[in-house]
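Asker: Structure incoming, see below.
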Amino acid sequence: MKHDFLVAICVVLFAIAYLIGALMINEPNTSYSAVGPRFLPIFIGVGMFLSGVWLGWQAWRKKSDAKIDALEEMEWRTWGACVIVLLGYILAFETVGYLITTSVFLFLQARVFGSRAWLRDLVVSVALTALVYFFFNGLLKVGLPKGILG
Amino acid sequence: MDALTQLLANLGAGFGTALTPINLMFGLIGVVVGTAIGVLPGIGPALTISLLLPLTFGLDPTTAFILFGGIYYGAMYGGSTTSILVNTPGESASVVTTLDGFRMAKQGRGGAALATAAIGSFIAGTFATFMLMLLAPALVEFALKFGPPEYFAIMFLALTAVTGLAGESAPKAMFATLLGLGIGMVGIDLQTGQARFTFGRPELLSGIDIVTAAIGLFAIGEVLWMAGTFKRALEETIKTTGSLWMTREEWKRSLPSWARGSVLGFIIGVLPGAGATVATFLSYNLERRMSKNPEKFGTGMIEGVAGPEAANNASAGGAMVPLLALGIPGSGTTAMMLAAFQLYGLRPGPLLFAQRPDLVWGLIASLYIGNALLLLLNLPLVGVWVKMLDVPKPLLFGSILAFSVLGVYSNEGSLIGLLVLLGLGLLAFFMRRHGFPMAPIVLGVVLGPLIEQEFRRAMLISIGNPAIFFTRPLSLTILIFAILSLLIPFAEILWKRYRARKGQAAAVPTFGDEVD
């Protein structure tokens, strides 16, 4: 399987979607300048399309070489868990509030990355969250969401 | 007043600014943080500055830039420590240092390797700051002649150069640059008020914030990468460094390498598009070519540490020249610094030198001070920095993610901003997995709106005639260089074929795997 060929297909599809978006931009007909808001987006879209075709052509022409074609091996389970925990954190951030979500997030993310030191992680997660909260809300006056604690 | 007294007066005022307690303190914080993130693999100066951007809103711009300058220089120092003692580059600009540095450490000469890296960094950093001081004001004088076509041309050059130099695959680099430009197009078109790529969402009218883009691409992308790979990373730390004193012979061998690395690194740094990483690879190859025993490189040659470590610091100073004088970034880190200027409503270039001399000269003076501090901090305290590597990775990675979310939220205050952040992080991860370079994307996001503005201004002047770019000698010259820089990958292919035919296909490291 030539990964680059699939990547090239993705690039071309993305470029087409981008071009459609570019063509949907309103071109004001009263524009007194020669170059409207569509020009550069269309140029970029065409360029992306060409880069995808170029990449696909390169991948097609190249002889299959297992050593070059192999991608770096990934721990997809760790990766997936990390993404899911992050997504949960983002979704709960406003409604549940900074203090609770961040403490839980740091603790869970440490589990995801394979930490075994439960107590240390618990203490650091809560302490770091509290410290940052104090720094931001108290000193920098950045309003962090209080959520269900507020 | 002649030029010299003018320069001395400016520098004196700069030291006056840099030596105020608050600026001195932030300069110190900058070099300490910079060294720390330099030591930690995976966390670089561009990522750090992007995370700090939302925090520094409250600071005076001068103080903020003194902090960023310290981080940039400090990271170049810290990266070598990890390369030499752990055989893992702490920074992409220290990749080549592992080749001979780690060998030296295994032979018990780790102390000498650390010393030659630190002293070389100091010499190169001081040299580069001195050249920055001389060159930037001269370039500013020159830039007064620039109109929109010239600014367009030079930004175009920066984009083509970063495309030509980044990565082993030319089409992938091309897509990365265009994608960055494309992301920069999102939002209201400033000249006509038309919405672009907003999908009817009011949150997207102001565009994708550069802070969100940079944190997503650098920080989230990096941690997701670590999530998939870090367990397999075998780390062999050499704890005994041996004496930090270099022998007379090591001094004699290091001196010319420092000098060559300094000059080469500075020149590469000034050129748009080529960052510190490129400078180190070129310096390593240069050292090997100049050596009487090129075959011994890779076995613990001190020149292979001295040259590249000088080169990466010199390039950091060099990269400040186009950034300050023209407002053109050449690497991921300087792109973040340009974004910081924009957040403060400042535009680097001739106006900045005229209106905010305190900022420009304060920053330059603080780079001298920071450099001296770094030498003092790095050599005797190297053991402390190595301890940084004991920070538990699971907590570190989680904290980077939490800080990313915090930074974007404090800046945008919306859930949509956080979702865009995650989306960009996933995009960065998959692109990196498939060998796309990251630096051109960020450069594109930062430069996209600027280059469009200059392009349309120029076209307005010429009433729609694109000949304006080719009839002005300065603009034409820069554009010719831009086209030439696009041909670099082809020249490289031809060169390799030529070498292969001559049967000397040596294992010369080629840059492009990682670009800062």
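Each chain in the structure tokens gets a letter, A, B and so on, in the order shown; residues start at 1 in every chain, and ligands are counted from 1 in the order they appear.
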Wanna dump the chain B-chain A contacts at 6 Å for me, each residue with its shortest atom pair and the distance in Å to one decimal, counting only C-alpha atoms, ordered by chain and number, as CSV?

Answerer:
residue,atom,partner,partner_atom,distance
B:Pro171,CA,A:Ser51,CA,5.0
B:Phe175,CA,A:Met48,CA,5.5
B:Leu178,CA,A:Ile44,CA,5.9
B:Arg196,CA,A:Ile25,CA,5.8
B:Ala227,CA,A:Trp79,CA,5.0
B:Gly228,CA,A:Glu75,CA,4.5
B:Thr229,CA,A:Met74,CA,5.8
B:Pro394,CA,A:Ala110,CA,4.5
B:Leu395,CA,A:Ala110,CA,5.4
B:Gly398,CA,A:Leu106,CA,5.4
B:Leu460,CA,A:Ser33,CA,5.6
B:Gly464,CA,A:Ala34,CA,4.6

Asker: Within chain A, find each residue whose DSSP state, derived from the backbone, is helix (DSSP H, G or I), and express the selection as a ChimeraX atom specification.

Answerer: /A:3-23,39-61,66-69,76-96,98-112,118-140,147-149

Asker: Select from stretch 324-424 of chain B every residue with an atom at most 12 Å from any atom of stretch 1-19 of chain B, then for each give the shortest pair of atoms and their distance in Å to one decimal, using only C-alpha atoms, rows by chain and rising number, as a Markdown table.

Answerer:
| residue | atom | partner | partner_atom | distance |
| --- | --- | --- | --- | --- |
| B:Phe353 | CA | B:Asn10 | CA | 10.6 |
| B:Ala354 | CA | B:Asn10 | CA | 11.6 |
| B:Arg356 | CA | B:Gly14 | CA | 11.0 |
| B:Pro357 | CA | B:Asn10 | CA | 7.7 |
| B:Asp358 | CA | B:Gly14 | CA | 6.2 |
| B:Leu359 | CA | B:Gly14 | CA | 7.9 |
| B:Val360 | CA | B:Gly14 | CA | 7.7 |
| B:Trp361 | CA | B:Gly14 | CA | 4.3 |
| B:Gly362 | CA | B:Gly14 | CA | 4.0 |
| B:Leu363 | CA | B:Ala18 | CA | 7.1 |
| B:Ile364 | CA | B:Gly14 | CA | 7.1 |
| B:Ala365 | CA | B:Phe15 | CA | 5.2 |
| B:Ser366 | CA | B:Ala18 | CA | 5.3 |
| B:Leu367 | CA | B:Ala18 | CA | 9.1 |
| B:Tyr368 | CA | B:Phe15 | CA | 9.3 |
| B:Ile369 | CA | B:Ala18 | CA | 8.3 |
| B:Gly370 | CA | B:Ala18 | CA | 10.0 |

Asker: Go ahead and compute the interatomic distance for atom CA of B:Ala173 and atom CA of B:Leu338, in Å to one decimal.

Answerer: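 Value for the atom CA of B:Ala173-atom CA of B:Leu338 distance: 21.4 Å.
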
Asker: Residues at most 6 Å from stretch 295-311 of chain B, counting only C-alpha atoms, excluding those fewer than 3 positions away in the same chain, as a list in words?

Answerer: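 Residues near the query, excluding close chain neighbours: Thr97, Leu99, Asp100, Gly101, Arg103, Met104, Thr116, Ala117, Gly120, Ser121, Ala124, Ser254, Ser257, Trp258, Gly261, Ser262, Gly265, Ala279, Thr280, Ser283, Tyr284 and Ala314 of chain B.
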
Asker: What gap, in Å, lies between atom CA of B:Pro45 and atom CA of B:Ser399?

Answerer: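 Atom CA of B:Ser399 lies 16.7 Å from atom CA of B:Pro45.
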